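Participant: For reference, this is coords-v7.tsv, and it has TSV, C-alpha atoms.
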```tsv
chain	number	residue	atom	x	y	z
Z	61	MET	CA	47.03	12.59	78.70
Z	62	LYS	CA	50.50	12.26	77.23
Z	63	GLY	CA	51.65	12.68	73.65
Z	64	TYR	CA	54.81	13.05	71.61
Z	65	VAL	CA	55.14	16.78	71.05
Z	66	PHE	CA	57.21	18.52	68.36
Z	67	HIS	CA	59.11	21.57	69.69
Z	68	GLY	CA	61.12	22.55	66.62
Z	69	ALA	CA	63.82	21.00	64.45
Z	70	GLY	CA	65.56	18.24	66.40
Z	71	GLN	CA	63.36	18.67	69.48
Z	72	ALA	CA	60.42	16.55	70.66
Z	73	ALA	CA	59.29	14.96	73.93
Z	74	TRP	CA	56.72	12.57	75.42
Z	75	GLU	CA	54.86	14.88	77.79
Z	76	GLU	CA	51.51	15.91	79.18
Z	77	VAL	CA	49.13	17.62	76.77
Z	78	PRO	CA	45.44	18.57	77.02
Z	79	ASP	CA	42.91	15.80	76.46
Z	80	PRO	CA	41.22	16.05	73.05
Z	81	ALA	CA	37.55	16.96	72.90
Z	82	VAL	CA	34.87	16.89	70.22
Z	83	LYS	CA	34.97	20.24	68.42
Z	84	ASP	CA	32.82	19.53	65.37
Z	85	PRO	CA	29.81	17.24	64.99
Z	86	THR	CA	31.79	15.03	62.57
Z	87	ASP	CA	34.62	14.35	65.07
Z	88	ALA	CA	35.48	11.13	66.87
Z	89	ILE	CA	37.70	10.77	69.95
Z	90	VAL	CA	39.79	7.60	69.78
Z	91	ARG	CA	41.80	5.86	72.50
Z	92	VAL	CA	45.03	4.80	70.83
Z	93	LEU	CA	45.77	1.05	71.01
Z	94	ALA	CA	48.59	0.80	68.48
Z	95	VAL	CA	50.62	3.46	66.72
Z	96	THR	CA	53.68	3.51	64.51
Z	97	ILE	CA	56.38	5.94	63.40
Z	98	CYS	CA	56.70	7.07	59.80
Z	99	GLY	CA	59.69	8.29	57.84
Z	100	THR	CA	57.71	11.49	57.36
Z	101	ASP	CA	57.86	12.02	61.13
Z	102	LEU	CA	61.65	11.99	60.85
Z	103	HIS	CA	61.43	14.57	58.06
Z	104	ILE	CA	59.34	16.75	60.38
Z	105	LEU	CA	61.91	16.44	63.15
Z	106	LYS	CA	64.65	17.48	60.73
Z	107	GLY	CA	62.68	20.64	59.88
Z	108	ASP	CA	61.78	19.51	56.35
Z	109	VAL	CA	58.05	20.18	56.87
Z	110	PRO	CA	57.76	23.81	58.03
Z	111	GLU	CA	53.95	23.70	58.22
Z	112	VAL	CA	54.21	21.66	61.42
Z	113	ARG	CA	54.14	24.14	64.27
Z	114	PRO	CA	55.96	23.66	67.57
Z	115	GLY	CA	53.55	22.23	70.13
Z	116	THR	CA	51.94	19.78	67.68
Z	117	VAL	CA	51.49	16.13	68.70
Z	118	LEU	CA	53.07	14.05	65.93
Z	119	GLY	CA	51.80	10.92	64.21
Z	120	HIS	CA	49.25	10.10	61.51
Z	121	GLU	CA	48.80	6.29	61.78
Z	122	ALA	CA	47.01	4.36	64.51
Z	123	VAL	CA	44.53	1.72	65.55
Z	124	GLY	CA	42.26	2.61	68.43
Z	125	GLU	CA	38.91	2.34	70.16
Z	126	ILE	CA	36.18	4.92	69.64
Z	127	VAL	CA	35.30	6.55	72.98
Z	128	GLU	CA	33.15	9.49	71.83
Z	129	VAL	CA	31.59	10.73	68.62
Z	130	GLY	CA	30.00	13.96	67.44
Z	131	SER	CA	26.33	14.23	66.65
Z	132	ASP	CA	26.78	13.82	62.88
Z	133	VAL	CA	28.93	10.65	62.96
Z	134	ARG	CA	26.95	7.74	61.53
Z	135	THR	CA	29.32	4.86	60.70
Z	136	VAL	CA	31.08	4.17	64.03
Z	137	ARG	CA	30.13	4.30	67.69
Z	138	PRO	CA	31.88	4.08	71.08
Z	139	GLY	CA	33.50	0.69	71.58
Z	140	ASP	CA	34.35	0.11	67.92
Z	141	ARG	CA	37.97	-0.77	67.14
Z	142	VAL	CA	39.06	1.20	64.10
Z	143	LEU	CA	41.95	1.95	61.80
Z	144	ILE	CA	42.74	5.69	61.75
Z	145	SER	CA	43.71	6.66	58.21
Z	146	CYS	CA	46.67	8.96	57.63
Z	147	ILE	CA	44.33	11.01	55.42
Z	148	SER	CA	41.13	12.68	56.58
Z	149	ALA	CA	38.34	13.35	54.09
Z	150	CYS	CA	35.39	15.72	54.27
Z	151	GLY	CA	33.63	13.77	51.51
Z	152	ARG	CA	32.00	16.88	50.05
Z	153	CYS	CA	34.62	19.00	48.27
Z	154	SER	CA	35.43	18.60	44.57
Z	155	TYR	CA	38.57	16.57	45.30
Z	156	CYS	CA	36.85	14.18	47.68
Z	157	ARG	CA	34.12	13.61	45.11
Z	158	GLN	CA	36.90	12.31	42.83
Z	159	ALA	CA	38.35	10.13	45.63
Z	160	MET	CA	41.38	12.46	45.77
Z	161	TYR	CA	41.13	12.64	49.55
Z	162	GLY	CA	44.74	13.70	50.01
Z	163	GLN	CA	43.87	17.01	48.34
Z	164	CYS	CA	40.69	17.59	50.38
Z	165	ARG	CA	39.71	21.24	50.59
Z	166	GLY	CA	37.06	20.78	53.25
Z	167	GLY	CA	39.34	20.53	56.26
Z	168	GLY	CA	40.83	17.13	55.47
Z	169	GLY	CA	43.87	15.80	53.65
Z	170	TRP	CA	47.02	15.13	55.62
Z	171	ILE	CA	46.18	16.99	58.79
Z	172	LEU	CA	46.90	14.57	61.66
Z	173	GLY	CA	50.36	15.23	63.05
Z	174	HIS	CA	50.76	17.95	60.43
Z	175	LEU	CA	48.24	20.73	60.84
Z	176	ILE	CA	46.51	19.41	63.98
Z	177	ASP	CA	47.50	17.11	66.84
Z	178	GLY	CA	48.18	13.57	65.70
Z	179	THR	CA	48.05	9.97	66.81
Z	180	GLN	CA	51.25	9.51	68.85
Z	181	ALA	CA	49.36	10.05	72.06
Z	182	GLU	CA	47.00	8.25	74.42
Z	183	TYR	CA	43.95	9.79	72.72
Z	184	VAL	CA	43.38	11.61	69.44
Z	185	ARG	CA	40.60	13.68	67.86
Z	186	VAL	CA	39.84	12.50	64.33
Z	187	PRO	CA	37.89	14.97	62.16
Z	188	HIS	CA	35.47	13.73	59.49
Z	189	ALA	CA	35.31	10.38	61.22
Z	190	ASP	CA	32.83	8.74	58.85
Z	191	LEU	CA	35.39	8.73	56.01
Z	192	SER	CA	38.58	8.86	58.07
Z	193	VAL	CA	38.35	5.72	60.22
Z	194	HIS	CA	37.69	2.13	59.18
Z	195	PRO	CA	36.09	-0.48	61.48
Z	196	LEU	CA	38.34	-3.52	61.87
Z	197	PRO	CA	37.31	-7.17	61.81
Z	198	ALA	CA	37.72	-8.86	65.18
Z	199	ALA	CA	40.31	-11.32	63.88
Z	200	MET	CA	42.72	-8.66	62.61
Z	201	ASN	CA	45.67	-7.96	64.88
Z	202	SER	CA	46.11	-4.28	65.77
Z	203	ALA	CA	49.87	-4.40	65.16
Z	204	ASP	CA	49.25	-5.63	61.61
Z	205	ALA	CA	46.32	-3.33	60.92
Z	206	VAL	CA	48.23	-0.17	61.83
Z	207	LEU	CA	50.49	-0.70	58.81
Z	208	LEU	CA	47.45	-0.13	56.59
Z	209	ALA	CA	47.02	3.40	57.89
Z	210	ASP	CA	49.77	4.71	55.61
Z	211	ILE	CA	52.58	2.59	54.18
Z	212	PHE	CA	50.51	0.01	52.31
Z	213	PRO	CA	48.05	2.41	50.67
Z	214	THR	CA	50.88	4.87	49.96
Z	215	SER	CA	53.07	2.27	48.28
Z	216	TYR	CA	50.16	0.73	46.40
Z	217	GLU	CA	48.56	3.96	45.17
Z	218	VAL	CA	51.50	6.34	44.72
Z	219	GLY	CA	54.02	3.70	43.66
Z	220	VAL	CA	52.40	0.65	42.07
Z	221	LEU	CA	49.20	2.14	40.62
Z	222	ASN	CA	50.68	5.51	39.60
Z	223	GLY	CA	53.60	3.61	38.08
Z	224	HIS	CA	51.18	1.46	36.03
Z	225	VAL	CA	52.85	-1.82	36.94
Z	226	ARG	CA	51.68	-4.50	34.52
Z	227	PRO	CA	52.24	-8.23	33.97
Z	228	GLY	CA	55.69	-8.92	32.58
Z	229	ASP	CA	57.21	-5.60	33.68
Z	230	THR	CA	60.63	-5.04	35.14
Z	231	VAL	CA	60.04	-3.01	38.31
Z	232	VAL	CA	62.83	-1.32	40.28
Z	233	VAL	CA	62.20	-0.05	43.80
Z	234	VAL	CA	64.83	2.40	45.00
Z	235	GLY	CA	64.77	2.37	48.79
Z	236	ALA	CA	64.01	-0.81	50.75
Z	237	GLY	CA	62.65	0.86	53.84
Z	238	PRO	CA	59.06	0.22	54.94
Z	239	ILE	CA	57.52	2.10	52.00
Z	240	GLY	CA	59.75	0.38	49.47
Z	241	LEU	CA	59.11	-3.04	50.99
Z	242	ALA	CA	55.36	-2.45	50.87
Z	243	ALA	CA	55.77	-1.44	47.21
Z	244	ILE	CA	57.58	-4.73	46.55
Z	245	ALA	CA	54.77	-6.66	48.25
Z	246	THR	CA	51.95	-4.93	46.37
Z	247	ALA	CA	53.71	-4.83	42.98
Z	248	GLN	CA	53.57	-8.64	43.01
Z	249	LEU	CA	49.78	-8.41	42.76
Z	250	PHE	CA	50.27	-7.47	39.08
Z	251	SER	CA	52.66	-10.32	38.13
Z	252	PRO	CA	55.71	-8.37	36.93
Z	253	GLU	CA	58.51	-10.41	35.35
Z	254	ARG	CA	60.98	-9.23	37.97
Z	255	ILE	CA	61.32	-6.84	40.87
Z	256	VAL	CA	64.70	-5.36	41.75
Z	257	ALA	CA	65.36	-3.61	45.07
Z	258	VAL	CA	68.08	-0.98	45.46
Z	259	ASP	CA	69.34	0.19	48.84
Z	260	LEU	CA	72.49	0.91	50.83
Z	261	ALA	CA	71.76	-1.35	53.82
Z	262	PRO	CA	72.38	-5.11	53.50
Z	263	ALA	CA	69.70	-5.86	56.14
Z	264	ARG	CA	67.08	-4.02	54.09
Z	265	LEU	CA	68.11	-5.78	50.91
Z	266	ASP	CA	67.72	-9.08	52.76
Z	267	ALA	CA	64.22	-7.98	53.82
Z	268	ALA	CA	63.45	-7.10	50.20
Z	269	ARG	CA	64.35	-10.64	49.13
Z	270	ARG	CA	62.12	-12.11	51.84
Z	271	LEU	CA	59.21	-9.99	50.64
Z	272	GLY	CA	59.56	-11.00	47.01
Z	273	ALA	CA	62.35	-9.07	45.26
Z	274	ASP	CA	63.93	-11.22	42.55
Z	275	ALA	CA	67.24	-9.32	42.65
Z	276	VAL	CA	68.87	-6.70	44.84
Z	277	ALA	CA	71.56	-4.10	44.24
Z	278	ASP	CA	73.73	-1.92	46.42
Z	279	ALA	CA	73.03	1.71	45.51
Z	280	ARG	CA	76.79	2.43	45.59
Z	281	GLU	CA	77.59	-0.15	42.91
Z	282	THR	CA	76.05	1.30	39.74
Z	283	PRO	CA	72.67	-0.44	39.81
Z	284	GLU	CA	71.99	1.14	36.40
Z	285	GLN	CA	74.32	-1.45	34.88
Z	286	LEU	CA	72.46	-4.34	36.54
Z	287	ILE	CA	69.15	-3.07	35.18
Z	288	ALA	CA	70.66	-2.62	31.72
Z	289	ASP	CA	72.02	-6.18	31.81
Z	290	LEU	CA	68.65	-7.58	32.88
Z	291	THR	CA	66.70	-5.72	30.18
Z	292	ASP	CA	68.97	-5.94	27.11
Z	293	GLY	CA	69.97	-2.33	27.64
Z	294	LEU	CA	66.44	-0.90	27.62
Z	295	GLY	CA	65.91	-0.10	31.30
Z	296	ALA	CA	63.06	-0.77	33.69
Z	297	ASP	CA	59.40	-0.36	32.80
Z	298	VAL	CA	58.63	1.13	36.22
Z	299	VAL	CA	61.01	2.70	38.73
Z	300	ILE	CA	59.62	3.59	42.16
Z	301	GLU	CA	61.47	6.20	44.24
Z	302	ALA	CA	60.95	5.43	47.94
Z	303	VAL	CA	63.73	7.43	49.63
Z	304	GLY	CA	63.19	11.15	49.16
Z	305	VAL	CA	66.68	12.47	48.39
Z	306	PRO	CA	67.98	14.05	45.14
Z	307	ASP	CA	70.49	11.28	44.37
Z	308	SER	CA	67.86	8.55	44.53
Z	309	PHE	CA	65.43	10.46	42.28
Z	310	GLU	CA	68.13	11.09	39.71
Z	311	LEU	CA	69.13	7.41	39.86
Z	312	CYS	CA	65.53	6.48	39.06
Z	313	THR	CA	65.52	8.64	35.93
Z	314	ARG	CA	68.72	6.93	34.73
Z	315	MET	CA	67.23	3.43	35.07
Z	316	VAL	CA	63.86	3.88	33.36
Z	317	ARG	CA	63.36	2.76	29.77
Z	318	PRO	CA	61.88	4.92	26.98
Z	319	GLY	CA	58.13	5.02	27.49
Z	320	GLY	CA	58.51	3.96	31.13
Z	321	HIS	CA	57.25	5.38	34.40
Z	322	VAL	CA	59.02	6.92	37.37
Z	323	ALA	CA	56.70	6.95	40.38
Z	324	ASN	CA	58.00	9.17	43.18
Z	325	ILE	CA	56.78	8.26	46.67
Z	326	GLY	CA	59.62	9.75	48.75
Z	327	VAL	CA	59.15	12.93	50.78
Z	328	HIS	CA	61.76	15.37	49.47
Z	329	GLY	CA	63.26	18.09	51.65
Z	330	ALA	CA	65.66	19.43	49.02
Z	331	PRO	CA	65.49	20.13	45.26
Z	332	ALA	CA	66.36	17.39	42.80
Z	333	THR	CA	67.70	18.09	39.32
Z	334	LEU	CA	65.39	17.06	36.50
Z	335	HIS	CA	67.63	16.27	33.52
Z	336	LEU	CA	65.21	17.19	30.78
Z	337	GLU	CA	68.13	17.43	28.36
Z	338	ASP	CA	68.24	13.62	28.54
Z	339	LEU	CA	64.63	12.79	29.31
Z	340	TRP	CA	62.64	14.96	26.90
Z	341	ILE	CA	63.09	12.53	24.02
Z	342	LYS	CA	62.30	9.33	25.96
Z	343	ASN	CA	58.52	9.62	26.51
Z	344	ILE	CA	58.99	9.26	30.27
Z	345	THR	CA	56.07	9.68	32.64
Z	346	ILE	CA	57.01	11.03	36.09
Z	347	THR	CA	54.34	11.00	38.79
Z	348	THR	CA	54.33	12.36	42.30
Z	349	GLY	CA	51.62	12.19	44.89
Z	350	LEU	CA	50.29	12.26	48.39
Z	351	VAL	CA	48.33	9.11	49.15
Z	352	ASP	CA	44.54	9.39	48.89
Z	353	THR	CA	43.77	6.14	50.80
Z	354	TYR	CA	40.92	5.24	48.46
Z	355	SER	CA	42.40	1.73	48.39
Z	356	THR	CA	42.31	1.21	52.16
Z	357	PRO	CA	39.06	-0.84	52.25
Z	358	THR	CA	40.42	-3.19	49.58
Z	359	LEU	CA	43.76	-3.55	51.35
Z	360	LEU	CA	42.00	-4.24	54.65
Z	361	ARG	CA	40.07	-7.10	53.06
Z	362	MET	CA	43.28	-8.49	51.61
Z	363	ALA	CA	45.08	-8.23	54.95
Z	364	ALA	CA	42.21	-9.94	56.74
Z	365	ALA	CA	42.47	-12.77	54.20
Z	366	GLY	CA	46.22	-13.11	54.82
Z	367	ARG	CA	47.19	-11.71	51.41
Z	368	LEU	CA	49.45	-8.88	52.67
Z	369	PRO	CA	52.65	-9.56	54.65
Z	370	ALA	CA	52.08	-6.78	57.17
Z	371	SER	CA	53.52	-8.57	60.19
Z	372	GLU	CA	56.78	-9.27	58.34
Z	373	LEU	CA	57.59	-5.55	58.34
Z	374	VAL	CA	57.36	-5.13	62.13
Z	375	THR	CA	60.82	-5.48	63.66
Z	376	HIS	CA	60.40	-3.74	67.04
Z	377	THR	CA	57.58	-3.25	69.54
Z	378	PHE	CA	57.41	-0.90	72.52
Z	379	PRO	CA	54.88	0.22	75.12
Z	380	LEU	CA	53.24	3.47	74.09
Z	381	GLU	CA	55.04	5.47	76.79
Z	382	HIS	CA	58.45	4.44	75.35
Z	383	MET	CA	57.99	6.80	72.41
Z	384	GLU	CA	61.34	8.54	72.79
Z	385	GLU	CA	63.23	5.23	72.79
Z	386	ALA	CA	61.24	4.04	69.78
Z	387	TYR	CA	62.12	7.19	67.83
Z	388	ASP	CA	65.78	6.69	68.64
Z	389	VAL	CA	65.70	3.10	67.37
Z	390	PHE	CA	63.77	4.07	64.23
Z	391	SER	CA	66.04	7.01	63.42
Z	392	ARG	CA	69.11	4.73	63.54
Z	393	ALA	CA	67.65	2.06	61.28
Z	394	ALA	CA	70.99	1.36	59.61
Z	395	ASP	CA	72.38	0.30	63.00
Z	396	THR	CA	69.28	-1.19	64.62
Z	397	GLY	CA	67.75	-2.96	61.61
Z	398	ALA	CA	64.42	-1.23	62.28
Z	399	LEU	CA	61.74	-1.44	59.59
Z	400	LYS	CA	58.42	-0.70	61.25
Z	401	ILE	CA	58.08	-0.03	64.96
Z	402	VAL	CA	54.72	-0.56	66.65
Z	403	LEU	CA	53.93	0.96	70.03
Z	404	GLY	CA	51.05	-0.23	72.18
Z	405	ALA	CA	49.31	-2.99	70.24
Z	406	GLU	CA	47.16	-4.16	73.18
Z	407	PRO	CA	45.79	-7.66	72.65
Z	408	HIS	CA	42.14	-7.97	71.72
Z	409	THR	CA	39.71	-10.81	72.12
Z	410	VAL	CA	38.60	-12.81	69.10
Z	411	VAL	CA	35.07	-14.06	69.56
Z	412	ALA	CA	34.18	-17.25	67.75
Z	413	VAL	CA	30.70	-17.28	66.22
Z	414	ARG	CA	28.99	-20.66	66.09
Z	415	GLU	CA	26.90	-21.28	62.99
Z	416	THR	CA	23.35	-22.50	63.55
```
Using the file provided, produce a representation of the structure as structure tokens.
Facilitator:
Amino acid sequence: MKGYVFHGAGQAAWEEVPDPAVKDPTDAIVRVLAVTICGTDLHILKGDVPEVRPGTVLGHEAVGEIVEVGSDVRTVRPGDRVLISCISACGRCSYCRQAMYGQCRGGGGWILGHLIDGTQAEYVRVPHADLSVHPLPAAMNSADAVLLADIFPTSYEVGVLNGHVRPGDTVVVVGAGPIGLAAIATAQLFSPERIVAVDLAPARLDAARRLGADAVADARETPEQLIADLTDGLGADVVIEAVGVPDSFELCTRMVRPGGHVANIGVHGAPATLHLEDLWIKNITITTGLVDTYSTPTLLRMAAAGRLPASELVTHTFPLEHMEEAYDVFSRAADTGALKIVLGAEPHTVVAVRET
């Protein structure tokens, strides 16, 4: 088969790799139907994630069809169309028993495209399949469903829930890329008074407005002043960091009100200064986190009911074998306007069931 293989910082290629095979009785082999590219993949290519070894197939999000399962897999069978979660879960360790699947100590966590070969390939081996794939309803489009493998649960859990968004809050989302836009979409579930998006790119700020932001601000034009003006000088109740660079994190800490929350989602490749000389007195809560994907079943039900704007985030589609071109477009998002790119997305048949 072919896959997109990491060869070191700045080097990757779509090339032939060995077919995956069942290694453990809890494994599933999945034929990839739709896959997407994550900002974390770009961090890997920059060398920000040294755990990823050269020779690893990248990718941790996909929709596919089960083609083979190990002897201990009970919840899916060959022929099932499934969502492959970005997080694998053994289901037995102390963290999994607390639904903290991202911290799994039984061979799970973020392993696909990180510690083992990932989903940007024609086939992928998924360990711990019973808790790491989700059967999809027939009516759900693969291109929409693939966005629930990572960005929607990440934004919802690590941003909105960790940030304790509540009715009437002022919420600021710094970074209007795919993660930030998904945070804007899911923050609305809790009826905040206003949501403000901050970014450098006008196209992304326009997308933020379409997805529900009440106001937008250019990150170069002192958004702190806008937030102060909107909140009588107090600051935002919740500020969500969805970029992953020191400047954006420090901006978040300047915009949060006393007693507020800063929820960091961004993947950071460099240290950020924590100004405790200013923050210690303000009762600020700062959270970080790797997604656990405990919310995925709920989000899938909402998407199937048309309550999540997944399709609105997809700006480009490519055949699976055009991986290198897709990476180029995604990496130049400021020029191309790319939000989420979906590769593959083969059509599937929706079967109508007649009631009797």
Participant: Which residue is closest to Z:Gly99? Choose from Z:Val184, Z:Ala330, Z:Leu294, Z:Val303 and count only C-alpha atoms.
Facilitator: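 Going through Z:Val184, Z:Ala330, Z:Leu294, Z:Val303 one by one, the smallest distance to Z:Gly99 is for Z:Val303.
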Participant: Please, which residues are within 7 Å of (52.4, 10.5, 39.5) by the file's coordinates, counting all atoms listed in the file, and could they come as a count of residues only?
Facilitator: 8
Participant: Excluding same-chain residues fewer than 2 positions from Z:Val127, what lies within 9 Å of it counting only C-alpha atoms, as number ranges by chain?
Facilitator: Z: 88-91, 125, 129, 137-140
Participant: Please produce an output containing C-alpha atoms for each residue in the selection, written as a CSV table (one decimal), in the coordinates of the input.
Facilitator:
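Below is the file part.csv, written as the result:
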```csv
chain,number,residue,atom,x,y,z
Z,88,ALA,CA,35.5,11.1,66.9
Z,89,ILE,CA,37.7,10.8,70.0
Z,90,VAL,CA,39.8,7.6,69.8
Z,91,ARG,CA,41.8,5.9,72.5
Z,125,GLU,CA,38.9,2.3,70.2
Z,129,VAL,CA,31.6,10.7,68.6
Z,137,ARG,CA,30.1,4.3,67.7
Z,138,PRO,CA,31.9,4.1,71.1
Z,139,GLY,CA,33.5,0.7,71.6
Z,140,ASP,CA,34.4,0.1,67.9
```
Participant: Env of Z:Pro114: 6 Å cut, atoms = all atoms listed in the file, seq-sep filter 6 positions within chain, self excluded. Answer as a VMD selection string.
Facilitator: chain Z and resid 66 to 68
Participant: Mind dumping a table of every stretch 89-165 of chain Z residue within 8 Å of stretch 193-212 of chain Z, with the nearest atom pair and its distance in Å to one decimal, using only C-alpha atoms, sorted by chain and rising number, as CSV?
Facilitator:
```
residue,atom,partner,partner_atom,distance
Z:Leu93,CA,Z:Ser202,CA,7.5
Z:Ala94,CA,Z:Ser202,CA,6.3
Z:Val95,CA,Z:Val206,CA,6.5
Z:Thr96,CA,Z:Val206,CA,7.1
Z:His120,CA,Z:Ala209,CA,7.9
Z:Glu121,CA,Z:Ala209,CA,5.2
Z:Ala122,CA,Z:Val206,CA,5.4
Z:Val123,CA,Z:Val206,CA,5.6
Z:Val136,CA,Z:Pro195,CA,7.3
Z:Asp140,CA,Z:Pro195,CA,6.7
Z:Arg141,CA,Z:Leu196,CA,6.0
Z:Val142,CA,Z:Pro195,CA,4.3
Z:Leu143,CA,Z:His194,CA,5.0
Z:Ile144,CA,Z:Val193,CA,4.6
Z:Ser145,CA,Z:Ala209,CA,4.7
Z:Cys146,CA,Z:Ala209,CA,5.6
```
Participant: So, counting all atoms listed in the file, which residue among Z:Leu403, Z:Ile344, Z:Ala236, Z:Ile244 is closest to Z:Asp266?
Facilitator: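 That would be Z:Ala236, the residue with the smallest distance to Z:Asp266.
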Participant: Show me, as AutoDock Vina command-line options, the centre and edge lengths in Å to one decimal of the axis-aligned box that covers every listed atom of stretch 113-119 of chain Z with 3 Å on each side.
Facilitator:
```
--center_x 53.7 --center_y 17.5 --center_z 67.2 --size_x 10.5 --size_y 19.2 --size_z 11.9
```
Participant: Distance cut-off 12 Å, centre (45.3, 19.8, 57.8) in file coordinates, counting all atoms listed in the file: which residues qualify? Return them as a count of residues only.
Facilitator: 31
Participant: From the list Z:Ala247, Z:His103, Z:Ile287, Z:Gly237, which residue is nearest Z:Ala261 when using all atoms listed in the file?
Facilitator: Z:Gly237
Participant: Hey, which of Z:Cys156, Z:Thr100, Z:Leu265, Z:Leu271 ends up closest to Z:Gln248? Count all atoms listed in the file.
Facilitator: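 Counting all atoms listed in the file, the residue closest to Z:Gln248 is Z:Leu271.
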Participant: Pick the closest to Z:Ala72 from Z:Gly404, Z:Val327, Z:Glu384, Z:Pro110: which is it, counting all atoms listed in the file?
Facilitator: Z:Glu384
Participant: Hey, can you check how far atom CA of Z:Thr86 sits from atom CA of Z:Thr353?
Facilitator: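 Separating atom CA of Z:Thr86 from atom CA of Z:Thr353 is a distance of 19.0 Å.
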Participant: Between atom CA of Z:Val316 and atom CA of Z:Val233, what is the distance, to one decimal in Å?
Facilitator: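 Answer for the atom CA of Z:Val316 to atom CA of Z:Val233 separation: 11.3 Å.
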Participant: Just the residues within 7 Å of Z:Glu76, please, counting all atoms listed in the file, with nothing from its chain fewer than 2 positions along; format it as a PyMOL selection string.
Facilitator: chain Z and resi 61-63+78
Participant: Fewer than 2 positions away in the same chain doesn't count, so skip those; otherwise give me all residues within 8 Å of Z:His376, counting all atoms listed in the file, as number ranges by chain.
Facilitator: Z: 374, 378, 398-402
Participant: If I take atom CA of Z:Tyr64 and atom CA of Z:Met383, how far is one from the other in Å, to one decimal?
Facilitator: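 Computed distance, atom CA of Z:Tyr64 to atom CA of Z:Met383, equals 7.1 Å.
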Participant: So, with only C-alpha atoms as the atoms that count, which of Z:Gly329, Z:Gly235, Z:Gly295, Z:Pro252 lies closest to Z:Leu105?
Facilitator: Z:Gly329
